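Inspection log for the structure reproduced underneath, given as structure tokens.
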Amino acid sequence: MASPQMTGSEIVLKALCDQGVDVIFGYPGGAVLPIYDALHEQNALRHILVRHEQAAVHAAEGYARSTGKVGVVLVTSGPGATNAVTGLTDALMDSVPVVCLTGQVPTHLIGNDAFQEADTTGITRPCTKHNYLVKSADGLARVIHEAFYVARSGRPGPVVVDLPKDVLQAKSDSYVGPEDIKHQSYRPQVKADSHAIAAAVQMIAKAKRPLIYSGGGVINSGDKASVLLSRFARALGVPVTSTLMGLGAMPASDPLFLGMLGMHGTYEANLAMYNCDVMINVGARFDDRVTGRLDEFSPRSQKIHIDIDPSSINKNVVVDLPIIGDVTSVLDDLVKAWKRSGAKLNQKALKAWWAEIEEWRGRDCLKFANSKSIIKPQYAIQRLYELTKDRDAYITTEVGQHQMWAAQFYKFEKPRHWMTSGGLGTMGYGLPAAAGVQVAHPEALVIDIAGEASILMNIQELSTVAQYGLPVKVFIINNQWMGMVRQWQELLHGGRYSQSYTASLPDFVKLADAFGALGLRASKPGELDDKIMEMIESPRAVVFDCVVDQTENCFPMIPSGAAHYEMLLGPEDKAAKPVSEEGMVLV
Amino acid sequence: MVPKDQTIERRTMAVLVDNEPGVLARVIGLFSGRGYNIESLTVSEVDPDRRLSRITVITSGTPQIIEQIKAQLERLVPVHRVSDLTREGPSVERELVLVKVNGRGNKRVESLRIADIFRARVVDSSHQHFVFEMTGSSEKLDVFIDMMRPLGLVDVSRTGVVAIARGPKGL
Ligand SMILES: Cc1cc2nc3c(=O)[nH]c(=O)nc-3n(C[C@H](O)[C@H](O)[C@H](O)COP(=O)(O)OP(=O)(O)OC[C@H]3O[C@@H](n4cnc5c(N)ncnc54)[C@H](O)[C@@H]3O)c2cc1C
Ligand SMILES: Cc1ncc(C[n+]2csc(CCOP(=O)(O)OP(=O)(O)O)c2C)c(N)n1
Ligand SMILES: [Mg+2]
């Protein structure tokens with residue numbers, strides 16, 4: 001039966017509603033005016049007007065990552081679409097489900113260099129999981145539903161739907177609901193092969209120095225995956241380390257948790273990785289920031305890799321046992337198979353392994369020389385954590401040293417409370433992402449742990465925050481430097497600080513005021529707690545200028561191209577050997 | 001760690017895809033974006049009812065890279081199936097070439113004689129030129145083209161390789 005006549009724009013909105021969408025992050029323009037017109041006529045969908053299209057995507061990412069739902073973006077053609085590209089690439093790298101609707105010039109003008117025309121599907125092909133150019137209102141509903149299916153299934157990612165203006169205005173009676181859509185070919189494998197599960201049980205049962213290396217895939221898989229992960233680890237008594245993207249899946253307070261691994265990971269996590277004999281990778285992708293020098297990466301371990309994306313297998317590190325499937329399903333099977341098998345780890349060996357780990361832990365690698373006169377950035381985040389841990393706090397970050405300190409010093413107990421740009425490392429991510437999180441969780445405490453350089457990349461979003469009364473807190477670790485860049489210049493480029501100091505920074509307190517937010521500043525350790533409490537208790541958006549030691553570096557650090565055991569633990573620690581030429585070319 | 005095998009292998013892959021706009025750009029963009037080699041690539045619709053096209057691509061790399069290429073191709077949303085024909089059993093590979101040769105006298109006679117040996121057909125001719133059509137393995141085409149070179153070869157157009165598995169089973 002044909003459905004009633006609707007315009008393309010109405011079809012788009014109905015499809016969004018039928019997909020359970022409640023909020024869109026967007027910015028209008030000529031090519032999408034028909035959709036904005038249709039939006040004006042309804043109340044089911046809320047539209048959050050951002051101040052830059054990049055921010056719309058980051059906000060949708062924050063929304064998506066903190067809820068597990070698909071984030072939705074609406075931007076106009078040409079510059080609207082090109083502004084969204086950084087956000088789309090970010091979502092692709094970090095596997096965040098986003099559907100981005102872009103306006104396009106009418107179909108008969110495509111290819112004519114029409115006003116605000118850009119080859120959006122061409123430009124976004126490499127930075128999306130998939131994209132569509134819709135040529136007629138008749139297929140429109142199907143494409144939108146497919147886009148949601150593709151964005152959230154398998155390894156999630158961003159999907160662009162490019163919508164020519166004539167398609168938005170055309171009428172069609174072809175509306176179909178999501179239940180009528182089945183994708184022709186795209187069907188990711190969710191359930192693992194039972195032989196692989198059995199082989200994993202056997203491999204783990206023989207382990208003497210087992211280690212779980214968990215990643216963003218656990219978060220992607222849903223909250224049950226995190227429950228299963230800790231259940232599995234506890235049942236076996238196996239240590240767990242996590243990537244930057246996986247923080248929160250295993251409660252940081254659990255004694256089994258060794259902290260983050262990798263370039264700025266803990267001593268105990270990295271040495272456990274180097275020395276383990278069976279590694280169980282759960283939804284992590286052997287990123288170069290984690291592995292360090294590849295030929296020295298966990299050289300004596302047998303490796304099990306659980307991942308939903310077959311292309312993650314053997315990409316950087318060759319593994320012994322790939323298990324393709326969704327983390328929740330695989331862990332569920334694995335826990336059951338383990339119980340059924342009656343297997344037991346060698347307790348004596350496990351005890352010896354833990355004794356070794358405790359020794360590494362004893363180094364207390366995150367300790368730092370605190371000061372009474374100047375705020376150390378680590379101390380600032382420690383205090384922020386202590387004063388917010390009993391609330392439902394969501395943390396986003398920008399990119400740089402502050403991001404790493406946040407990962408090290410903020411202890412995450414639950415999944416979906418930590419939003420950071422890991423794969424692309426996009427400065428300017430944190431504030432719009434925080435806005436997106438706050439939209440999804442109006443009552444929660446949402447804090448962007450920022451750097452003074454990064455925050456300026458999307459500072460205009462303070463205006464969005466003001467418009468919707470979002471009480472987002474921007475906690476700026478202000479060291480006046482692009483600290484992460486300065487650190488590399490200090491360690492790798494002979495202390496030649498080329499262009500990493502920002503002169504003429506704004507007065508962040510006045511800037512807050514100009515945007516209708518509360519501005520606070522702390523420069524002395526003694527005033528930190530009171531000011532943080534003032535920030536937390538304010539019902540308004542807050543910009544907190546936390547003036548910190550300008551020279552502090554982020555440790556531990558594995559210099560690029562080095563192995564896990566070549567970690568630098570502090571400023572007094574000199575690299576065992578100069579960074580190799582191979583290391584110097586690494587990013 | 002399992003040692004990496006560094007030998008470079010050459011593979012012929014058949015890729016079944018939805019025949020939709022941009023699908024070829026997706027496949028080619030994947031190869032260029034990730035730095036994989038393409039030695040040959042052909043594409044055409046093979047199932048108009050289901051709107052499926054078949055791409056035959058010849059690529060090379062270490063076993064690890066080859067495995068990546070296959071996985072990356074399979075991960076593209078419009079890709080239905082990827083088959084590594086080189087690996088999955090015996091297969092037939094063929095290529096078609098059109099060769100234009102200008103010449104008079106002995107050279108002209110010689111080009112006809114060689115075409116005959118290679119079972120090439122004349123598909124266009126004048127007093128001055130021939131256009132030969134020939135199918136066969138790429139190596140055979142190479143030899144044929146090389147032999148035509150001194151005889152007045154002016155133009156070569158090759159299709160690239162198409163391939164199919166031997167035996168009764170389909171893709
Ligand atoms: C300045 C800076 C420094 C950094 N330093 C570090 C560092 O010291 N340590 C560190 O760990 N990272 C660091 N990173 C982050 C790093 O770049 C990577 O983003 C991160 O390590 C990747 O995390 P991941 O392996 O968990 O993969 P993700 O990018 O989260 O990928 C998830 C993996 O799980 C799979 N997956 C997704 N969903 C599922 C599912 N449902 N079921 C099964 N599998 C699934 C995916 O296919 C993918 O392979 C840093 C980033 C920056 C910007
Ligand atoms: C968009 C973008 N441009 C450049 C970089 C490279 N980069 C990484 S960290 C950094 C400095 C960040 O400085 P700041 O925000 O002050 O953080 P800090 O390291 O001082 O804590 C730069 C420039 C990046 N990650 N993103
Ligand atoms: Mg800084």
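Chains: A, B, ... in order of the structure tokens. Residues: from 1 per chain. Ligands: from 1, in order shown.
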
(request) Would you list the contacts of region 506-508 of chain A as a PyMOL selection string, taking every protein, DNA or RNA residue within 10 Å and counting only C-alpha atoms, but skipping same-chain residues closer than 6 positions in sequence? (result) chain A and resi 452+456+476+478+514+519-521+543-546

(request) Please write out the residues within 8 Å of ligand 3 as a PyMOL selection string, counting only C-alpha atoms and all ligand atoms. (result) chain A and resi 400-402+451-454+477-484

Requested write-out: N, CA and C atoms of the selected residues, as a PDB file, in the first residue's frame:
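Generated file (again36.pdb):
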ATOM      1  N   GLY A 400      46.308  16.587  24.006  1.00  0.00           N
ATOM      2  CA  GLY A 400      47.606  17.071  24.468  1.00  0.00           C
ATOM      3  C   GLY A 400      47.963  16.429  25.792  1.00  0.00           C
ATOM      4  N   GLN A 401      48.870  17.076  26.512  1.00  0.00           N
ATOM      5  CA  GLN A 401      49.297  16.543  27.813  1.00  0.00           C
ATOM      6  C   GLN A 401      48.122  16.391  28.764  1.00  0.00           C
ATOM      7  N   HIS A 402      47.258  17.419  28.788  1.00  0.00           N
ATOM      8  CA  HIS A 402      46.129  17.390  29.726  1.00  0.00           C
ATOM      9  C   HIS A 402      45.271  16.145  29.495  1.00  0.00           C
ATOM     10  N   GLY A 451      43.064  21.923  27.207  1.00  0.00           N
ATOM     11  CA  GLY A 451      44.308  22.685  27.178  1.00  0.00           C
ATOM     12  C   GLY A 451      43.971  24.068  26.647  1.00  0.00           C
ATOM     13  N   GLU A 452      44.783  25.047  26.993  1.00  0.00           N
ATOM     14  CA  GLU A 452      44.448  26.411  26.579  1.00  0.00           C
ATOM     15  C   GLU A 452      44.577  26.578  25.059  1.00  0.00           C
ATOM     16  N   ALA A 453      45.408  25.756  24.420  1.00  0.00           N
ATOM     17  CA  ALA A 453      45.520  25.860  22.959  1.00  0.00           C
ATOM     18  C   ALA A 453      44.335  25.162  22.295  1.00  0.00           C
ATOM     19  N   SER A 454      44.060  23.955  22.712  1.00  0.00           N
ATOM     20  CA  SER A 454      42.967  23.192  22.104  1.00  0.00           C
ATOM     21  C   SER A 454      41.625  23.901  22.228  1.00  0.00           C
ATOM     22  N   ILE A 477      43.564  23.263  31.719  1.00  0.00           N
ATOM     23  CA  ILE A 477      44.904  23.112  32.288  1.00  0.00           C
ATOM     24  C   ILE A 477      45.783  24.086  31.502  1.00  0.00           C
ATOM     25  N   ASN A 478      45.913  25.277  32.051  1.00  0.00           N
ATOM     26  CA  ASN A 478      46.553  26.354  31.287  1.00  0.00           C
ATOM     27  C   ASN A 478      48.048  26.410  31.581  1.00  0.00           C
ATOM     28  N   ASN A 479      48.838  25.866  30.661  1.00  0.00           N
ATOM     29  CA  ASN A 479      50.300  25.920  30.810  1.00  0.00           C
ATOM     30  C   ASN A 479      50.924  26.874  29.788  1.00  0.00           C
ATOM     31  N   GLN A 480      50.086  27.621  29.105  1.00  0.00           N
ATOM     32  CA  GLN A 480      50.533  28.620  28.120  1.00  0.00           C
ATOM     33  C   GLN A 480      51.217  28.010  26.899  1.00  0.00           C
ATOM     34  N   TRP A 481      51.464  26.726  26.937  1.00  0.00           N
ATOM     35  CA  TRP A 481      52.173  26.069  25.845  1.00  0.00           C
ATOM     36  C   TRP A 481      51.296  25.007  25.210  1.00  0.00           C
ATOM     37  N   MET A 482      51.604  24.714  23.967  1.00  0.00           N
ATOM     38  CA  MET A 482      51.114  23.459  23.398  1.00  0.00           C
ATOM     39  C   MET A 482      52.014  22.409  24.030  1.00  0.00           C
ATOM     40  N   GLY A 483      51.616  22.029  25.240  1.00  0.00           N
ATOM     41  CA  GLY A 483      52.523  21.274  26.090  1.00  0.00           C
ATOM     42  C   GLY A 483      53.036  19.998  25.451  1.00  0.00           C
ATOM     43  N   MET A 484      52.167  19.297  24.768  1.00  0.00           N
ATOM     44  CA  MET A 484      52.569  18.033  24.161  1.00  0.00           C
ATOM     45  C   MET A 484      53.613  18.273  23.071  1.00  0.00           C
TER      46      MET A 484
END

(request) Mind listing the strand (DSSP E or B) residues of chain B, per DSSP on the backbone, as number ranges by chain? (result) B: 9-18, 40-47, 52-61, 79-84, 91-102, 121-125, 129-136, 153-158, 162-165

(request) Could the residues of chain B within 12 Å of chain A, counting only C-alpha atoms, be given as a ChimeraX atom specification, please? (result) /B:1-5,16-34,50-52,62-81

Would you mind listing the residues within 6 Å of ligand 1, counting only C-alpha atoms and all ligand atoms, as a JSON list (two decimals) with all heavy atoms, in the first residue's frame?
[["chain", "number", "residue", "atom", "x", "y", "z"],
["A", 94, "ASP", "N", 37.65, 6.58, 15.62],
["A", 94, "ASP", "CA", 37.28, 6.09, 16.95],
["A", 94, "ASP", "C", 36.03, 5.22, 16.93],
["A", 94, "ASP", "O", 35.49, 4.89, 18.00],
["A", 94, "ASP", "CB", 37.10, 7.27, 17.92],
["A", 94, "ASP", "CG", 38.44, 7.88, 18.33],
["A", 94, "ASP", "OD1", 39.48, 7.23, 18.11],
["A", 94, "ASP", "OD2", 38.45, 9.01, 18.86],
["A", 155, "ARG", "N", 31.48, -2.81, 13.27],
["A", 155, "ARG", "CA", 32.31, -1.76, 13.85],
["A", 155, "ARG", "C", 31.63, -0.44, 13.50],
["A", 155, "ARG", "O", 31.54, -0.07, 12.33],
["A", 155, "ARG", "CB", 33.69, -1.81, 13.22],
["A", 155, "ARG", "CG", 34.62, -0.74, 13.75],
["A", 155, "ARG", "CD", 35.97, -0.90, 13.11],
["A", 155, "ARG", "NE", 36.93, 0.01, 13.66],
["A", 155, "ARG", "CZ", 38.25, -0.13, 13.47],
["A", 155, "ARG", "NH1", 38.69, -1.13, 12.74],
["A", 155, "ARG", "NH2", 39.09, 0.73, 13.98],
["A", 215, "GLY", "N", 39.93, -2.79, 24.94],
["A", 215, "GLY", "CA", 39.93, -1.56, 24.15],
["A", 215, "GLY", "C", 38.54, -0.99, 23.92],
["A", 215, "GLY", "O", 37.56, -1.40, 24.55],
["A", 216, "GLY", "N", 38.49, -0.04, 23.02],
["A", 216, "GLY", "CA", 37.26, 0.67, 22.72],
["A", 216, "GLY", "C", 36.14, -0.23, 22.26],
["A", 216, "GLY", "O", 34.96, 0.10, 22.40],
["A", 217, "GLY", "N", 36.47, -1.39, 21.71],
["A", 217, "GLY", "CA", 35.46, -2.33, 21.25],
["A", 217, "GLY", "C", 34.55, -2.79, 22.39],
["A", 217, "GLY", "O", 33.38, -3.10, 22.17],
["A", 220, "ASN", "N", 32.10, 0.02, 22.73],
["A", 220, "ASN", "CA", 31.19, -0.02, 21.57],
["A", 220, "ASN", "C", 30.14, -1.11, 21.70],
["A", 220, "ASN", "O", 29.02, -0.97, 21.24],
["A", 220, "ASN", "CB", 31.98, -0.33, 20.28],
["A", 220, "ASN", "CG", 32.69, 0.88, 19.74],
["A", 220, "ASN", "OD1", 33.83, 0.80, 19.32],
["A", 220, "ASN", "ND2", 32.02, 2.01, 19.73],
["A", 221, "SER", "N", 30.53, -2.20, 22.31],
["A", 221, "SER", "CA", 29.67, -3.38, 22.33],
["A", 221, "SER", "C", 28.48, -3.22, 23.28],
["A", 221, "SER", "O", 27.52, -3.98, 23.20],
["A", 221, "SER", "CB", 30.50, -4.60, 22.71],
["A", 221, "SER", "OG", 29.73, -5.75, 22.71],
["A", 243, "THR", "N", 43.34, 0.30, 26.73],
["A", 243, "THR", "CA", 43.77, 1.40, 25.88],
["A", 243, "THR", "C", 43.10, 2.69, 26.36],
["A", 243, "THR", "O", 42.19, 2.65, 27.20],
["A", 243, "THR", "CB", 43.35, 1.19, 24.43],
["A", 243, "THR", "OG1", 41.90, 1.25, 24.39],
["A", 243, "THR", "CG2", 43.81, -0.14, 23.89],
["A", 244, "LEU", "N", 43.51, 3.79, 25.76],
["A", 244, "LEU", "CA", 42.86, 5.07, 26.05],
["A", 244, "LEU", "C", 41.36, 4.99, 25.78],
["A", 244, "LEU", "O", 40.55, 5.53, 26.53],
["A", 244, "LEU", "CB", 43.49, 6.14, 25.15],
["A", 244, "LEU", "CG", 42.98, 7.56, 25.32],
["A", 244, "LEU", "CD1", 43.53, 8.16, 26.60],
["A", 244, "LEU", "CD2", 43.37, 8.44, 24.13],
["A", 245, "MET", "N", 41.00, 4.30, 24.69],
["A", 245, "MET", "CA", 39.59, 4.27, 24.28],
["A", 245, "MET", "C", 38.75, 3.31, 25.12],
["A", 245, "MET", "O", 37.54, 3.37, 25.09],
["A", 245, "MET", "CB", 39.47, 3.86, 22.81],
["A", 245, "MET", "CG", 40.16, 4.80, 21.84],
["A", 245, "MET", "SD", 39.78, 6.52, 22.13],
["A", 245, "MET", "CE", 38.09, 6.58, 21.57],
["A", 246, "GLY", "N", 39.41, 2.43, 25.85],
["A", 246, "GLY", "CA", 38.66, 1.43, 26.59],
["A", 246, "GLY", "C", 38.46, 1.77, 28.06],
["A", 246, "GLY", "O", 37.84, 1.01, 28.80],
["A", 261, "LEU", "N", 47.77, 1.28, 29.12],
["A", 261, "LEU", "CA", 49.09, 0.92, 28.60],
["A", 261, "LEU", "C", 49.46, 1.85, 27.45],
["A", 261, "LEU", "O", 48.70, 2.74, 27.10],
["A", 261, "LEU", "CB", 49.09, -0.54, 28.13],
["A", 261, "LEU", "CG", 48.59, -0.87, 26.72],
["A", 261, "LEU", "CD1", 49.01, -2.25, 26.33],
["A", 261, "LEU", "CD2", 47.09, -0.71, 26.60],
["A", 262, "GLY", "N", 50.63, 1.65, 26.90],
["A", 262, "GLY", "CA", 51.03, 2.42, 25.73],
["A", 262, "GLY", "C", 51.97, 3.56, 26.05],
["A", 262, "GLY", "O", 52.57, 3.62, 27.12],
["A", 263, "MET", "N", 52.08, 4.47, 25.10],
["A", 263, "MET", "CA", 53.07, 5.53, 25.16],
["A", 263, "MET", "C", 53.08, 6.27, 26.50],
["A", 263, "MET", "O", 54.14, 6.57, 27.04],
["A", 263, "MET", "CB", 52.83, 6.52, 24.02],
["A", 263, "MET", "CG", 53.87, 7.62, 23.95],
["A", 263, "MET", "SD", 53.64, 8.66, 22.50],
["A", 263, "MET", "CE", 54.56, 7.78, 21.27],
["A", 264, "HIS", "N", 51.88, 6.59, 27.02],
["A", 264, "HIS", "CA", 51.80, 7.25, 28.32],
["A", 264, "HIS", "C", 51.10, 6.36, 29.34],
["A", 264, "HIS", "O", 50.47, 6.85, 30.27],
["A", 264, "HIS", "CB", 51.12, 8.60, 28.19],
["A", 264, "HIS", "CG", 51.93, 9.59, 27.40],
["A", 264, "HIS", "ND1", 53.11, 10.12, 27.88],
["A", 264, "HIS", "CD2", 51.77, 10.11, 26.16],
["A", 264, "HIS", "CE1", 53.63, 10.94, 26.96],
["A", 264, "HIS", "NE2", 52.84, 10.94, 25.90],
["A", 265, "GLY", "N", 51.22, 5.07, 29.13],
["A", 265, "GLY", "CA", 50.60, 4.12, 30.03],
["A", 265, "GLY", "C", 51.46, 3.89, 31.26],
["A", 265, "GLY", "O", 52.57, 4.43, 31.39],
["A", 283, "GLY", "N", 38.69, -6.31, 21.84],
["A", 283, "GLY", "CA", 38.23, -5.08, 21.19],
["A", 283, "GLY", "C", 39.23, -3.94, 21.18],
["A", 283, "GLY", "O", 38.87, -2.80, 21.38],
["A", 284, "ALA", "N", 40.48, -4.27, 20.93],
["A", 284, "ALA", "CA", 41.50, -3.23, 20.76],
["A", 284, "ALA", "C", 42.23, -3.50, 19.45],
["A", 284, "ALA", "O", 42.21, -4.62, 18.95],
["A", 284, "ALA", "CB", 42.48, -3.23, 21.93],
["A", 285, "ARG", "N", 42.90, -2.47, 18.91],
["A", 285, "ARG", "CA", 43.38, -2.64, 17.54],
["A", 285, "ARG", "C", 44.89, -2.52, 17.36],
["A", 285, "ARG", "O", 45.37, -2.18, 16.28],
["A", 285, "ARG", "CB", 42.64, -1.68, 16.62],
["A", 285, "ARG", "CG", 42.79, -0.21, 16.97],
["A", 285, "ARG", "CD", 41.95, 0.65, 16.03],
["A", 285, "ARG", "NE", 41.88, 2.03, 16.45],
["A", 285, "ARG", "CZ", 42.79, 2.96, 16.14],
["A", 285, "ARG", "NH1", 43.82, 2.64, 15.41],
["A", 285, "ARG", "NH2", 42.64, 4.20, 16.58],
["A", 286, "PHE", "N", 45.67, -2.80, 18.40],
["A", 286, "PHE", "CA", 47.13, -2.78, 18.31],
["A", 286, "PHE", "C", 47.63, -1.49, 17.67],
["A", 286, "PHE", "O", 48.43, -1.49, 16.74],
["A", 286, "PHE", "CB", 47.65, -3.98, 17.51],
["A", 286, "PHE", "CG", 47.43, -5.31, 18.17],
["A", 286, "PHE", "CD1", 46.51, -6.21, 17.67],
["A", 286, "PHE", "CD2", 48.15, -5.67, 19.31],
["A", 286, "PHE", "CE1", 46.32, -7.45, 18.28],
["A", 286, "PHE", "CE2", 47.97, -6.91, 19.92],
["A", 286, "PHE", "CZ", 47.05, -7.80, 19.41],
["A", 287, "ASP", "N", 47.11, -0.37, 18.16],
["A", 287, "ASP", "CA", 47.52, 0.92, 17.64],
["A", 287, "ASP", "C", 49.00, 1.17, 17.93],
["A", 287, "ASP", "O", 49.54, 0.68, 18.91],
["A", 287, "ASP", "CB", 46.67, 2.00, 18.34],
["A", 287, "ASP", "CG", 46.95, 3.37, 17.79],
["A", 287, "ASP", "OD1", 46.45, 3.66, 16.70],
["A", 287, "ASP", "OD2", 47.68, 4.14, 18.44],
["A", 289, "ARG", "N", 50.42, 3.64, 19.09],
["A", 289, "ARG", "CA", 50.63, 4.33, 20.36],
["A", 289, "ARG", "C", 50.65, 3.32, 21.53],
["A", 289, "ARG", "O", 51.08, 3.62, 22.62],
["A", 289, "ARG", "CB", 49.50, 5.35, 20.56],
["A", 289, "ARG", "CG", 49.94, 6.61, 21.24],
["A", 289, "ARG", "CD", 49.74, 7.83, 20.37],
["A", 289, "ARG", "NE", 50.63, 7.78, 19.24],
["A", 289, "ARG", "CZ", 51.40, 8.78, 18.85],
["A", 289, "ARG", "NH1", 51.41, 9.90, 19.51],
["A", 289, "ARG", "NH2", 52.16, 8.69, 17.78],
["A", 290, "VAL", "N", 50.14, 2.14, 21.24],
["A", 290, "VAL", "CA", 50.09, 1.10, 22.26],
["A", 290, "VAL", "C", 51.26, 0.13, 22.12],
["A", 290, "VAL", "O", 51.88, -0.26, 23.10],
["A", 290, "VAL", "CB", 48.75, 0.32, 22.14],
["A", 290, "VAL", "CG1", 48.82, -1.01, 22.86],
["A", 290, "VAL", "CG2", 47.62, 1.17, 22.69],
["A", 307, "ASP", "N", 37.71, -9.33, 17.90],
["A", 307, "ASP", "CA", 37.37, -8.09, 17.20],
["A", 307, "ASP", "C", 36.25, -8.36, 16.21],
["A", 307, "ASP", "O", 36.19, -9.42, 15.60],
["A", 307, "ASP", "CB", 38.60, -7.55, 16.46],
["A", 307, "ASP", "CG", 38.51, -6.06, 16.21],
["A", 307, "ASP", "OD1", 37.58, -5.61, 15.50],
["A", 307, "ASP", "OD2", 39.37, -5.32, 16.73],
["A", 308, "ILE", "N", 35.38, -7.39, 16.05],
["A", 308, "ILE", "CA", 34.25, -7.57, 15.14],
["A", 308, "ILE", "C", 34.65, -7.28, 13.70],
["A", 308, "ILE", "O", 33.95, -7.63, 12.76],
["A", 308, "ILE", "CB", 33.06, -6.69, 15.57],
["A", 308, "ILE", "CG1", 31.75, -7.24, 15.01],
["A", 308, "ILE", "CG2", 33.27, -5.23, 15.17],
["A", 308, "ILE", "CD1", 30.52, -6.78, 15.76],
["A", 309, "ASP", "N", 35.80, -6.63, 13.53],
["A", 309, "ASP", "CA", 36.22, -6.21, 12.20],
["A", 309, "ASP", "C", 37.40, -7.07, 11.75],
["A", 309, "ASP", "O", 38.50, -6.92, 12.27],
["A", 309, "ASP", "CB", 36.62, -4.73, 12.24],
["A", 309, "ASP", "CG", 37.07, -4.21, 10.90],
["A", 309, "ASP", "OD1", 37.21, -5.02, 9.95],
["A", 309, "ASP", "OD2", 37.30, -2.99, 10.79],
["A", 312, "SER", "N", 40.88, -5.70, 11.34],
["A", 312, "SER", "CA", 41.75, -5.37, 12.48],
["A", 312, "SER", "C", 42.71, -6.50, 12.80],
["A", 312, "SER", "O", 43.73, -6.30, 13.45],
["A", 312, "SER", "CB", 40.91, -5.07, 13.73],
["A", 312, "SER", "OG", 40.28, -3.82, 13.63],
["A", 325, "GLY", "N", 33.92, -11.46, 16.14],
["A", 325, "GLY", "CA", 32.59, -11.39, 16.71],
["A", 325, "GLY", "C", 32.44, -10.18, 17.61],
["A", 325, "GLY", "O", 33.41, -9.44, 17.84],
["A", 326, "ASP", "N", 31.22, -9.98, 18.09],
["A", 326, "ASP", "CA", 30.94, -8.87, 18.98],
["A", 326, "ASP", "C", 31.41, -9.22, 20.39],
["A", 326, "ASP", "O", 31.20, -10.34, 20.86],
["A", 326, "ASP", "CB", 29.43, -8.61, 18.98],
["A", 326, "ASP", "CG", 29.05, -7.51, 19.95],
["A", 326, "ASP", "OD1", 29.61, -6.42, 19.81],
["A", 326, "ASP", "OD2", 28.22, -7.76, 20.83],
["A", 327, "VAL", "N", 32.03, -8.27, 21.07],
["A", 327, "VAL", "CA", 32.63, -8.55, 22.38],
["A", 327, "VAL", "C", 31.62, -9.20, 23.33],
["A", 327, "VAL", "O", 31.94, -10.19, 23.98],
["A", 327, "VAL", "CB", 33.20, -7.26, 23.00],
["A", 327, "VAL", "CG1", 33.51, -7.47, 24.47],
["A", 327, "VAL", "CG2", 34.45, -6.81, 22.26],
["A", 399, "VAL", "N", 43.06, 17.63, 23.19],
["A", 399, "VAL", "CA", 44.19, 16.76, 22.88],
["A", 399, "VAL", "C", 45.50, 17.38, 23.33],
["A", 399, "VAL", "O", 45.76, 18.56, 23.08],
["A", 399, "VAL", "CB", 44.24, 16.46, 21.37],
["A", 399, "VAL", "CG1", 45.53, 15.72, 20.99],
["A", 399, "VAL", "CG2", 43.04, 15.62, 20.97],
["A", 400, "GLY", "N", 46.31, 16.59, 24.01],
["A", 400, "GLY", "CA", 47.61, 17.07, 24.47],
["A", 400, "GLY", "C", 47.96, 16.43, 25.79],
["A", 400, "GLY", "O", 47.43, 15.38, 26.16],
["A", 422, "GLY", "N", 40.88, 9.77, 20.32],
["A", 422, "GLY", "CA", 42.07, 8.94, 20.41],
["A", 422, "GLY", "C", 42.76, 8.74, 19.08],
["A", 422, "GLY", "O", 43.95, 8.99, 18.93],
["A", 423, "GLY", "N", 42.05, 8.29, 18.09],
["A", 423, "GLY", "CA", 42.66, 7.90, 16.83],
["A", 423, "GLY", "C", 43.12, 9.09, 16.00],
["A", 423, "GLY", "O", 44.23, 9.09, 15.46],
["A", 425, "GLY", "N", 43.08, 12.32, 17.26],
["A", 425, "GLY", "CA", 43.70, 13.30, 18.16],
["A", 425, "GLY", "C", 43.32, 14.71, 17.76],
["A", 425, "GLY", "O", 44.18, 15.54, 17.46]]

(message) DSSP on the backbone: which residues in chain B end up as helix (DSSP H, G or I)? Give the answer as an MDAnalysis selection string.
(response) chainID B and resid 23:33 63:75 105:117 138:151

(message) Please list as a list in words every residue within 6 Å of region 128-142 of chain B, counting only C-alpha atoms and excluding residues in the same chain fewer than 6 positions away.
(response)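 Everything that qualifies: Arg94, Glu95, Leu96, Val97, Leu98, Val99, Lys100, Val101, Asn102, Gly103, Ala120, Arg121 and Val122 of chain B.
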
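In terms of minimum interatomic distance to Thr124 (chain A), A:Leu88 ranks closest within A:Met93, A:Ala207, A:Ile357, A:Leu88, counting only C-alpha atoms.
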
(request) Provide the CA of Leu256 (chain A) to CA of Thr241 (chain A) distance in Å, to one decimal place. (result)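 Interatomic distance here is 8.6 Å.
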
(message) So, with only C-alpha atoms as the atoms that count, which of B:Ser60, B:Thr42, B:Met147, B:Pro90 lies closest to Ile8 (chain B)?
(response)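 Going through B:Ser60, B:Thr42, B:Met147, B:Pro90 one by one, the smallest distance to Ile8 (chain B) is for B:Ser60.
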